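These notes concern the structure reproduced below.
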Amino acid sequence: MAAAPSPPCIHIFLASILLLSNFHLGFSSSSSTLQENHSNGSYSGQINSNSVLVALLDSHYTELAELVEKALLLQTLEDAVGKHNITIFAPRNEALERDLDPEFKRFLLEPGNLKSLQTLLLYHIVPNRINLSHNSSLHHHSTLCRDRIKLGSQSGEKLIDSAKIIQVNAVERPDGVIHGIERLLIPRSVQQDFNNRRSLQSISAVKPEGAPEVDPRTHRLKKPAPPAKPGSAPVLPIYDAMAPGPSLAPAPAPGPGGPHHHFNGERQVKDFIETLLLYGGYNEMADILVNLTSLATEMGRLVSEGYVLTVLAPNDEAMAKLTTDQLSEPGAPEQIIYYHVIPEYQTEESMYNAVRRFGKISYDTLRLPHKVLAQEADGSVKFGHADNSAYLFDPDIYTDGRISVQGIDGVLFPLEEKEKSDTKTEMKSVKVAAKPQRRGKLLEVACRMLGTFGQDSHFTTCQ
């Protein structure tokens with residue numbers, strides 16, 4: 001007997017059961033795959049705003065956050081936060097800004113020592129959450145740089161290695177915690193790299209050679225300079241390259257007319273003069289450089305030969321205060337401008353940071369042997385001395401890596417020159433006062449001689 005066909009509703013019910021079972025199996029397998037990927041670290045979720053890494057960048061530990069960015073560790077830390085909770089031991093800003101050895105800090109920030117900087121920073125991060133309120137016994141923890149740090153206590157104070165923990169749970173987030181410490185932690189490997197750099201054994205032997213000798217008559221090298229790569233720094237000091245006459249000092253970098261065009265000094269000087277004119281308020285300075293003197297051409301030649309210059313440009317209001325006597329002497333405009341040109345590349349930021357750190361800085365100028373004094377005043381840079389000073393008025397008018405132009409609100413003069421001018425004025429006044437006495441004695445002697453001959457009555461001055 002043939003079986004009776006099943007109703008259509010039964011087929012639909014069975015198909016629904018099969019679809020639901022397949023969906024359940026697919027969902028459970030996909031969820032287990034996600035859990036497995038997350039446990040293996042392959043799951044990459046985006047860092048949210050409540051992350052401990054975001055809190056570090058926004059916290060008052062600004063020096064540490066800046067070093068993390070310079071060390072290119074943001075992606076590494078994002079991956080670490082995505083895998084597990086982390087603990088960051090953050091040194092206070094003063095420990096990195098003032099207390100740190102300047103030579104060691106300079107070593108860390110050199111581009112060739114990026115690996116040492118990264119190791120140093122990762123030494124402050126532990127890939128698990130450390131709750132210091134419940135943890136006071138001696139423990140060793142592995143850091144992200146795979147070195148181990150020692151956590152303990154002494155005299156009731158918690159220590160990490162030999163640094164005191166000054167702020168427990170300074171920042172708490174779901175994925176990590178930040179503890180404040182009093183100083184920087186330095187792993188042994190980084191300290192060894194720094195010691196090797198300072199050790200004489202790590203310095204490769206260099207065949208001793210004498211400094212290049214300059215013929216004072218021709219301002220040329222007495223012996224040919226060693227071959228240098230195009231675009232490298234010049235061999236001679238800039239003062240020898242400024243020698244007058246057609247016999248110029250040789251330079252390793254060809255000028256604008258050379259075959260390689262490494263430095264087009266004439267174009268760069270023209271650009272900065274045009275910038276002065278377009279900026280406004282520096283027309284007198286541009287006029288002296290182009291029309292009254294040949295300094296624009298000379299500066300272009302120096303830049304073409306590989307030298308760098310920083311120009312302290314007085315504005316028109318300051319230049320208008322110059323007297324005719326100050327500009328009438330031969331070579332006076334050139335000497336004034338030479339005192340405003342520094343043979344270094346300085347920007348507003350570099351000069352302000354220097355005077356803020358060291359108080360007073362003396363910069364060499366093209367007017368030998370005079371130097372221009374710079375110091376911090378009213379949140380800016382002040383040049384010159386008390387009676388003859390100028391403030392950095394318009395910073396970074398022009399900066400191209402070879403020429404830097406900084407606007408100032410006064411014309412600077414060397415201190416010795418001002419003292420000489422004052423002495424000259426005093427001597428002139430003394431001479432003027434002494435002349436009548438000299439003239440009276442001569443008349444007296446002449447009248448006596450005329451009196452012996454009976455001729456004194458003919459002169460009213462003798463009467």
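Please note that chains go A, B, ... in the order of the structure tokens, that every chain numbers its residues from 1, and that ligands are numbered from 1 in the order shown.
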
Just asking: which residues within stretch 258-319 of chain A are strand (DSSP E) according to DSSP, as a PyMOL selection string?
chain A and resi 309-314

Got a sec: who's within 6 Å of A:Pro314, counting only C-alpha atoms, leaving out chain neighbours fewer than 5 positions off, as a list in words?
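Final neighbour list, sorted by chain and number: Gly407, Ile408, Asp409, Gly410 and Val411 of chain A.
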
Enumerate, as a PyMOL selection string, the complete set of residues in stretch 87-170 of chain A that a backbone-based DSSP assignment places in alpha helix (DSSP H).
chain A and resi 93-97+102-109+114-122

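Reported to one decimal place, the separation of atom CA of A:Pro187 from atom CA of A:Gln118 is 11.1 Å.
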
Show me, as a short mmCIF file (atom, residue, chain, number, x, y, z; two decimals) with all heavy atoms, in the first residue's frame, the residues that have an atom within 12 Å of stretch 69-83 of chain A when counting only C-alpha atoms, minus same-chain residues fewer than 3 positions from it.
```
data_model
loop_
_atom_site.label_atom_id
_atom_site.label_comp_id
_atom_site.auth_asym_id
_atom_site.auth_seq_id
_atom_site.Cartn_x
_atom_site.Cartn_y
_atom_site.Cartn_z
N ASN A 37 39.62 34.67 18.49
CA ASN A 37 40.46 35.73 17.92
C ASN A 37 40.81 36.76 18.97
O ASN A 37 41.94 37.27 19.02
CB ASN A 37 39.75 36.40 16.74
CG ASN A 37 39.65 35.47 15.53
OD1 ASN A 37 40.40 34.50 15.44
ND2 ASN A 37 38.73 35.77 14.63
N HIS A 38 39.85 37.12 19.82
CA HIS A 38 40.13 38.11 20.86
C HIS A 38 41.15 37.58 21.86
O HIS A 38 42.02 38.31 22.32
CB HIS A 38 38.83 38.48 21.57
CG HIS A 38 39.01 39.62 22.52
ND1 HIS A 38 39.38 39.42 23.84
CD2 HIS A 38 38.89 40.97 22.33
CE1 HIS A 38 39.46 40.59 24.44
NE2 HIS A 38 39.18 41.55 23.56
N SER A 39 41.01 36.26 22.19
CA SER A 39 41.98 35.69 23.14
C SER A 39 43.35 35.58 22.52
O SER A 39 44.38 35.69 23.20
CB SER A 39 41.51 34.31 23.60
OG SER A 39 41.45 33.41 22.50
N ASN A 40 43.45 35.39 21.18
CA ASN A 40 44.75 35.31 20.52
C ASN A 40 45.33 36.67 20.19
O ASN A 40 46.45 36.76 19.68
CB ASN A 40 44.62 34.49 19.23
CG ASN A 40 44.30 33.04 19.51
OD1 ASN A 40 44.62 32.54 20.58
ND2 ASN A 40 43.67 32.37 18.55
N GLY A 41 44.59 37.74 20.43
CA GLY A 41 45.12 39.08 20.18
C GLY A 41 44.92 39.56 18.77
O GLY A 41 45.42 40.60 18.39
N SER A 42 44.19 38.78 17.91
CA SER A 42 43.99 39.21 16.54
C SER A 42 42.83 40.16 16.39
O SER A 42 42.64 40.75 15.34
CB SER A 42 43.78 37.98 15.64
OG SER A 42 42.63 37.26 16.06
N TYR A 43 42.05 40.31 17.42
CA TYR A 43 40.92 41.24 17.35
C TYR A 43 41.44 42.64 17.58
O TYR A 43 42.10 42.93 18.57
CB TYR A 43 39.87 40.88 18.40
CG TYR A 43 38.74 41.84 18.46
CD1 TYR A 43 37.77 41.88 17.46
CD2 TYR A 43 38.62 42.74 19.53
CE1 TYR A 43 36.73 42.77 17.53
CE2 TYR A 43 37.59 43.63 19.59
CZ TYR A 43 36.63 43.64 18.60
OH TYR A 43 35.60 44.52 18.66
N SER A 44 41.18 43.53 16.65
CA SER A 44 41.67 44.92 16.75
C SER A 44 40.49 45.86 16.89
O SER A 44 39.84 46.20 15.92
CB SER A 44 42.51 45.29 15.51
OG SER A 44 41.73 45.15 14.36
N GLY A 45 40.19 46.23 18.10
CA GLY A 45 39.12 47.19 18.35
C GLY A 45 39.67 48.59 18.43
O GLY A 45 40.83 48.80 18.76
N GLN A 46 38.88 49.58 18.15
CA GLN A 46 39.32 50.97 18.19
C GLN A 46 39.38 51.46 19.64
O GLN A 46 38.53 51.13 20.45
CB GLN A 46 38.36 51.83 17.38
CG GLN A 46 38.85 53.28 17.22
CD GLN A 46 37.92 54.07 16.35
OE1 GLN A 46 36.89 53.55 15.92
NE2 GLN A 46 38.26 55.31 16.07
N ILE A 47 40.43 52.25 19.96
CA ILE A 47 40.58 52.77 21.31
C ILE A 47 39.52 53.83 21.56
O ILE A 47 39.38 54.78 20.78
CB ILE A 47 42.00 53.37 21.49
CG1 ILE A 47 43.06 52.31 21.23
CG2 ILE A 47 42.16 53.94 22.89
CD1 ILE A 47 43.01 51.15 22.18
N ASN A 48 38.76 53.67 22.66
CA ASN A 48 37.71 54.64 22.95
C ASN A 48 38.26 55.79 23.78
O ASN A 48 39.40 55.77 24.24
CB ASN A 48 36.52 53.96 23.65
CG ASN A 48 36.94 53.26 24.94
OD1 ASN A 48 37.84 53.72 25.63
ND2 ASN A 48 36.28 52.16 25.25
N ASN A 50 37.63 56.62 26.71
CA ASN A 50 37.81 56.33 28.13
C ASN A 50 39.03 55.44 28.37
O ASN A 50 39.18 54.86 29.44
CB ASN A 50 36.55 55.64 28.68
CG ASN A 50 36.46 55.73 30.19
OD1 ASN A 50 36.97 56.68 30.80
ND2 ASN A 50 35.85 54.73 30.82
N SER A 51 39.90 55.33 27.39
CA SER A 51 41.07 54.47 27.51
C SER A 51 42.14 55.14 28.36
O SER A 51 42.24 56.37 28.44
CB SER A 51 41.64 54.15 26.12
OG SER A 51 42.88 53.50 26.22
N VAL A 52 42.98 54.32 28.99
CA VAL A 52 44.08 54.85 29.79
C VAL A 52 45.12 55.53 28.91
O VAL A 52 45.82 56.44 29.35
CB VAL A 52 44.71 53.70 30.63
CG1 VAL A 52 45.42 52.70 29.73
CG2 VAL A 52 45.68 54.25 31.66
N LEU A 53 45.22 55.10 27.66
CA LEU A 53 46.17 55.74 26.74
C LEU A 53 45.74 57.16 26.42
O LEU A 53 46.57 58.08 26.39
CB LEU A 53 46.28 54.91 25.45
CG LEU A 53 47.26 55.41 24.41
CD1 LEU A 53 48.66 55.54 24.98
CD2 LEU A 53 47.27 54.50 23.19
N VAL A 54 44.45 57.37 26.19
CA VAL A 54 43.93 58.72 25.97
C VAL A 54 44.11 59.57 27.22
O VAL A 54 44.46 60.75 27.16
CB VAL A 54 42.45 58.66 25.53
CG1 VAL A 54 41.88 60.06 25.37
CG2 VAL A 54 42.31 57.88 24.24
N LEU A 56 46.48 59.27 29.40
CA LEU A 56 47.89 59.64 29.51
C LEU A 56 48.20 60.85 28.65
O LEU A 56 48.89 61.78 29.09
CB LEU A 56 48.77 58.45 29.10
CG LEU A 56 50.27 58.75 28.98
CD1 LEU A 56 50.84 59.10 30.35
CD2 LEU A 56 51.01 57.56 28.38
N LEU A 57 47.70 60.86 27.41
CA LEU A 57 47.98 61.98 26.51
C LEU A 57 47.33 63.27 26.98
O LEU A 57 47.81 64.35 26.67
CB LEU A 57 47.52 61.63 25.09
CG LEU A 57 48.20 60.42 24.44
CD1 LEU A 57 47.62 60.15 23.07
CD2 LEU A 57 49.70 60.63 24.35
N THR A 62 52.79 65.65 30.89
CA THR A 62 52.97 66.10 29.50
C THR A 62 54.32 65.70 28.93
O THR A 62 54.42 65.38 27.75
CB THR A 62 52.82 67.63 29.44
OG1 THR A 62 53.73 68.24 30.38
CG2 THR A 62 51.40 68.04 29.80
N GLU A 63 55.38 65.70 29.75
CA GLU A 63 56.71 65.35 29.25
C GLU A 63 56.74 63.88 28.81
O GLU A 63 57.30 63.55 27.76
CB GLU A 63 57.76 65.61 30.32
CG GLU A 63 57.98 67.07 30.65
CD GLU A 63 58.63 67.83 29.50
OE1 GLU A 63 59.44 67.22 28.79
OE2 GLU A 63 58.32 69.02 29.32
N LEU A 64 56.15 62.99 29.60
CA LEU A 64 56.11 61.58 29.23
C LEU A 64 55.28 61.38 27.97
O LEU A 64 55.67 60.61 27.07
CB LEU A 64 55.54 60.75 30.39
CG LEU A 64 55.44 59.25 30.13
CD1 LEU A 64 56.81 58.64 29.91
CD2 LEU A 64 54.73 58.55 31.28
N ALA A 65 54.13 62.04 27.88
CA ALA A 65 53.29 61.92 26.68
C ALA A 65 54.02 62.41 25.44
O ALA A 65 53.93 61.81 24.36
CB ALA A 65 51.99 62.70 26.89
N GLU A 66 54.80 63.48 25.58
CA GLU A 66 55.55 64.01 24.44
C GLU A 66 56.63 63.02 24.00
O GLU A 66 56.85 62.82 22.80
CB GLU A 66 56.18 65.35 24.82
CG GLU A 66 56.90 66.03 23.68
CD GLU A 66 57.47 67.38 24.09
OE1 GLU A 66 57.14 67.85 25.19
OE2 GLU A 66 58.25 67.95 23.31
N ILE A 86 46.80 47.47 31.32
CA ILE A 86 48.19 47.87 31.47
C ILE A 86 48.33 48.78 32.71
O ILE A 86 47.34 49.39 33.16
CB ILE A 86 48.75 48.59 30.23
CG1 ILE A 86 48.02 49.93 30.00
CG2 ILE A 86 48.69 47.72 29.01
CD1 ILE A 86 48.63 50.77 28.90
N THR A 87 49.55 48.85 33.21
CA THR A 87 49.88 49.75 34.31
C THR A 87 51.05 50.63 33.85
O THR A 87 52.07 50.10 33.40
CB THR A 87 50.28 48.98 35.57
OG1 THR A 87 49.17 48.17 35.99
CG2 THR A 87 50.66 49.94 36.69
N ILE A 88 50.88 51.94 33.96
CA ILE A 88 51.91 52.88 33.53
C ILE A 88 52.47 53.58 34.77
O ILE A 88 51.72 54.14 35.56
CB ILE A 88 51.33 53.93 32.55
CG1 ILE A 88 50.72 53.24 31.32
CG2 ILE A 88 52.41 54.93 32.13
CD1 ILE A 88 50.03 54.20 30.37
N LEU A 108 69.04 60.44 24.25
CA LEU A 108 67.75 59.80 23.96
C LEU A 108 67.06 60.39 22.74
O LEU A 108 66.37 59.68 22.00
CB LEU A 108 66.84 59.90 25.18
CG LEU A 108 67.23 59.10 26.42
CD1 LEU A 108 66.28 59.42 27.56
CD2 LEU A 108 67.25 57.61 26.14
N LEU A 109 67.22 61.69 22.53
CA LEU A 109 66.47 62.37 21.47
C LEU A 109 67.20 62.35 20.14
O LEU A 109 66.67 62.85 19.15
CB LEU A 109 66.19 63.83 21.88
CG LEU A 109 65.30 63.99 23.11
CD1 LEU A 109 65.08 65.46 23.42
CD2 LEU A 109 63.95 63.30 22.90
N GLU A 110 68.40 61.79 20.08
CA GLU A 110 69.09 61.67 18.80
C GLU A 110 68.37 60.64 17.93
O GLU A 110 67.94 59.59 18.42
CB GLU A 110 70.55 61.26 19.01
CG GLU A 110 71.41 62.36 19.61
CD GLU A 110 72.84 61.90 19.81
OE1 GLU A 110 73.14 60.73 19.48
OE2 GLU A 110 73.66 62.70 20.30
N PRO A 111 68.22 60.93 16.63
CA PRO A 111 67.47 60.00 15.76
C PRO A 111 68.07 58.59 15.74
O PRO A 111 67.35 57.61 15.62
CB PRO A 111 67.56 60.67 14.38
CG PRO A 111 67.80 62.12 14.67
CD PRO A 111 68.61 62.16 15.92
N GLY A 112 69.38 58.48 15.88
CA GLY A 112 70.00 57.16 15.84
C GLY A 112 69.77 56.33 17.07
O GLY A 112 70.08 55.12 17.08
N ASN A 113 69.23 56.93 18.13
CA ASN A 113 69.00 56.21 19.39
C ASN A 113 67.51 56.00 19.66
O ASN A 113 67.08 55.95 20.81
CB ASN A 113 69.64 56.98 20.55
CG ASN A 113 71.12 57.15 20.37
OD1 ASN A 113 71.80 56.30 19.82
ND2 ASN A 113 71.65 58.29 20.81
N LEU A 114 66.71 55.90 18.60
CA LEU A 114 65.27 55.70 18.76
C LEU A 114 64.97 54.40 19.50
O LEU A 114 64.05 54.34 20.32
CB LEU A 114 64.59 55.72 17.39
CG LEU A 114 63.07 55.51 17.38
CD1 LEU A 114 62.38 56.63 18.14
CD2 LEU A 114 62.55 55.40 15.96
N LYS A 115 65.74 53.35 19.24
CA LYS A 115 65.50 52.07 19.90
C LYS A 115 65.71 52.18 21.40
O LYS A 115 64.93 51.61 22.20
CB LYS A 115 66.45 51.02 19.31
CG LYS A 115 66.18 49.61 19.79
CD LYS A 115 64.87 49.09 19.26
CE LYS A 115 64.65 47.64 19.67
NZ LYS A 115 63.34 47.12 19.22
N SER A 116 66.73 52.93 21.82
CA SER A 116 66.97 53.11 23.26
C SER A 116 65.83 53.89 23.91
O SER A 116 65.41 53.57 25.03
CB SER A 116 68.29 53.84 23.48
OG SER A 116 69.38 53.08 23.01
N LEU A 117 65.31 54.93 23.21
CA LEU A 117 64.20 55.70 23.75
C LEU A 117 62.95 54.83 23.88
O LEU A 117 62.23 54.90 24.90
CB LEU A 117 63.93 56.90 22.85
CG LEU A 117 62.76 57.80 23.25
CD1 LEU A 117 62.98 58.38 24.64
CD2 LEU A 117 62.54 58.91 22.22
N GLN A 118 62.69 54.00 22.89
CA GLN A 118 61.52 53.12 22.97
C GLN A 118 61.66 52.11 24.12
O GLN A 118 60.70 51.86 24.86
CB GLN A 118 61.35 52.38 21.63
CG GLN A 118 60.93 53.29 20.49
CD GLN A 118 60.85 52.56 19.17
OE1 GLN A 118 61.40 51.47 19.01
NE2 GLN A 118 60.15 53.14 18.21
N THR A 119 62.85 51.54 24.28
CA THR A 119 63.08 50.60 25.38
C THR A 119 62.87 51.27 26.73
O THR A 119 62.28 50.71 27.65
CB THR A 119 64.50 50.01 25.28
OG1 THR A 119 64.67 49.39 24.01
CG2 THR A 119 64.76 49.01 26.39
N LEU A 120 63.37 52.51 26.85
CA LEU A 120 63.22 53.25 28.11
C LEU A 120 61.75 53.47 28.45
O LEU A 120 61.33 53.27 29.61
CB LEU A 120 63.96 54.58 28.00
CG LEU A 120 63.84 55.50 29.20
CD1 LEU A 120 64.89 55.13 30.24
CD2 LEU A 120 64.02 56.96 28.80
N LEU A 121 60.95 53.86 27.48
CA LEU A 121 59.54 54.16 27.75
C LEU A 121 58.74 52.88 28.01
O LEU A 121 57.88 52.85 28.90
CB LEU A 121 58.96 54.94 26.58
CG LEU A 121 59.56 56.33 26.35
CD1 LEU A 121 59.00 56.95 25.09
CD2 LEU A 121 59.29 57.25 27.53
N LEU A 122 59.02 51.82 27.25
CA LEU A 122 58.29 50.57 27.46
C LEU A 122 58.65 49.93 28.80
O LEU A 122 57.89 49.10 29.31
CB LEU A 122 58.59 49.59 26.32
CG LEU A 122 58.08 50.01 24.94
CD1 LEU A 122 58.50 48.99 23.89
CD2 LEU A 122 56.57 50.18 24.94
N HIS A 124 58.53 51.42 31.50
CA HIS A 124 57.61 52.01 32.48
C HIS A 124 56.20 51.43 32.38
O HIS A 124 55.31 51.89 33.09
CB HIS A 124 57.54 53.53 32.30
CG HIS A 124 58.81 54.24 32.66
ND1 HIS A 124 59.94 54.19 31.87
CD2 HIS A 124 59.13 55.01 33.73
CE1 HIS A 124 60.90 54.91 32.43
NE2 HIS A 124 60.44 55.41 33.56
N ILE A 125 55.96 50.44 31.51
CA ILE A 125 54.61 49.94 31.26
C ILE A 125 54.59 48.44 31.50
O ILE A 125 55.40 47.69 30.92
CB ILE A 125 54.16 50.26 29.82
CG1 ILE A 125 54.24 51.78 29.59
CG2 ILE A 125 52.75 49.76 29.58
CD1 ILE A 125 53.95 52.19 28.17
N VAL A 126 53.68 47.99 32.35
CA VAL A 126 53.51 46.57 32.68
C VAL A 126 52.22 46.08 32.04
O VAL A 126 51.17 46.73 32.18
CB VAL A 126 53.47 46.38 34.21
CG1 VAL A 126 53.21 44.92 34.56
CG2 VAL A 126 54.76 46.86 34.85
N PRO A 127 52.24 44.95 31.33
CA PRO A 127 51.03 44.49 30.62
C PRO A 127 50.02 43.78 31.53
O PRO A 127 49.46 42.75 31.15
CB PRO A 127 51.61 43.54 29.56
CG PRO A 127 52.85 43.01 30.17
CD PRO A 127 53.42 44.14 30.99
N ASN A 128 49.81 44.27 32.71
CA ASN A 128 48.71 43.82 33.56
C ASN A 128 48.42 44.91 34.58
O ASN A 128 49.24 45.80 34.80
CB ASN A 128 49.03 42.49 34.24
CG ASN A 128 50.32 42.53 35.03
OD1 ASN A 128 50.44 43.28 36.01
ND2 ASN A 128 51.31 41.76 34.60
N ARG A 129 47.26 44.83 35.19
CA ARG A 129 46.83 45.87 36.12
C ARG A 129 47.40 45.57 37.51
O ARG A 129 47.21 44.48 38.06
CB ARG A 129 45.31 45.92 36.18
CG ARG A 129 44.75 47.16 36.86
CD ARG A 129 43.24 47.09 36.94
NE ARG A 129 42.69 48.36 37.36
CZ ARG A 129 42.20 49.27 36.53
NH1 ARG A 129 42.22 49.06 35.23
NH2 ARG A 129 41.70 50.40 36.99
N THR A 143 57.83 43.90 31.93
CA THR A 143 57.37 45.11 31.25
C THR A 143 57.21 44.83 29.76
O THR A 143 57.51 43.73 29.28
CB THR A 143 58.38 46.25 31.46
OG1 THR A 143 59.62 45.88 30.87
CG2 THR A 143 58.58 46.52 32.95
N LEU A 144 56.75 45.82 29.03
CA LEU A 144 56.56 45.67 27.58
C LEU A 144 57.88 45.56 26.84
O LEU A 144 57.90 45.15 25.68
CB LEU A 144 55.75 46.85 27.03
CG LEU A 144 54.26 46.88 27.41
CD1 LEU A 144 53.57 48.06 26.75
CD2 LEU A 144 53.57 45.58 27.02
N CYS A 145 59.00 45.97 27.47
CA CYS A 145 60.30 45.79 26.83
C CYS A 145 60.96 44.48 27.24
O CYS A 145 62.14 44.26 26.95
CB CYS A 145 61.21 46.97 27.14
SG CYS A 145 61.81 47.03 28.84
N ARG A 173 41.31 53.86 34.68
CA ARG A 173 40.41 53.64 33.56
C ARG A 173 40.09 52.15 33.48
O ARG A 173 40.78 51.33 34.08
CB ARG A 173 41.05 54.11 32.24
CG ARG A 173 41.23 55.61 32.14
CD ARG A 173 39.89 56.33 32.06
NE ARG A 173 40.04 57.77 31.85
CZ ARG A 173 40.16 58.65 32.81
NH1 ARG A 173 40.14 58.23 34.09
NH2 ARG A 173 40.29 59.93 32.54
N PRO A 174 39.04 51.76 32.75
CA PRO A 174 38.69 50.33 32.69
C PRO A 174 39.81 49.46 32.12
O PRO A 174 39.90 48.28 32.46
CB PRO A 174 37.45 50.31 31.78
CG PRO A 174 36.87 51.70 31.90
CD PRO A 174 38.03 52.61 32.08
N ASP A 175 40.66 50.00 31.25
CA ASP A 175 41.69 49.18 30.62
C ASP A 175 43.08 49.44 31.19
O ASP A 175 44.07 48.98 30.61
CB ASP A 175 41.71 49.42 29.11
CG ASP A 175 41.87 50.88 28.76
OD1 ASP A 175 41.94 51.71 29.69
OD2 ASP A 175 41.93 51.20 27.56
N GLY A 176 43.20 50.17 32.29
CA GLY A 176 44.53 50.38 32.85
C GLY A 176 44.54 51.43 33.95
O GLY A 176 43.53 52.06 34.27
N VAL A 177 45.74 51.62 34.53
CA VAL A 177 45.90 52.56 35.63
C VAL A 177 47.26 53.22 35.48
O VAL A 177 48.20 52.65 34.93
CB VAL A 177 45.78 51.83 36.99
CG1 VAL A 177 46.87 50.78 37.15
CG2 VAL A 177 45.83 52.80 38.14
#
```

So the first atom is atom CA of A:Ala55 and the second is atom CA of A:Ala170; what is the distance between them in Å, to one decimal place?
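Between these atoms lies a distance of 10.4 Å.
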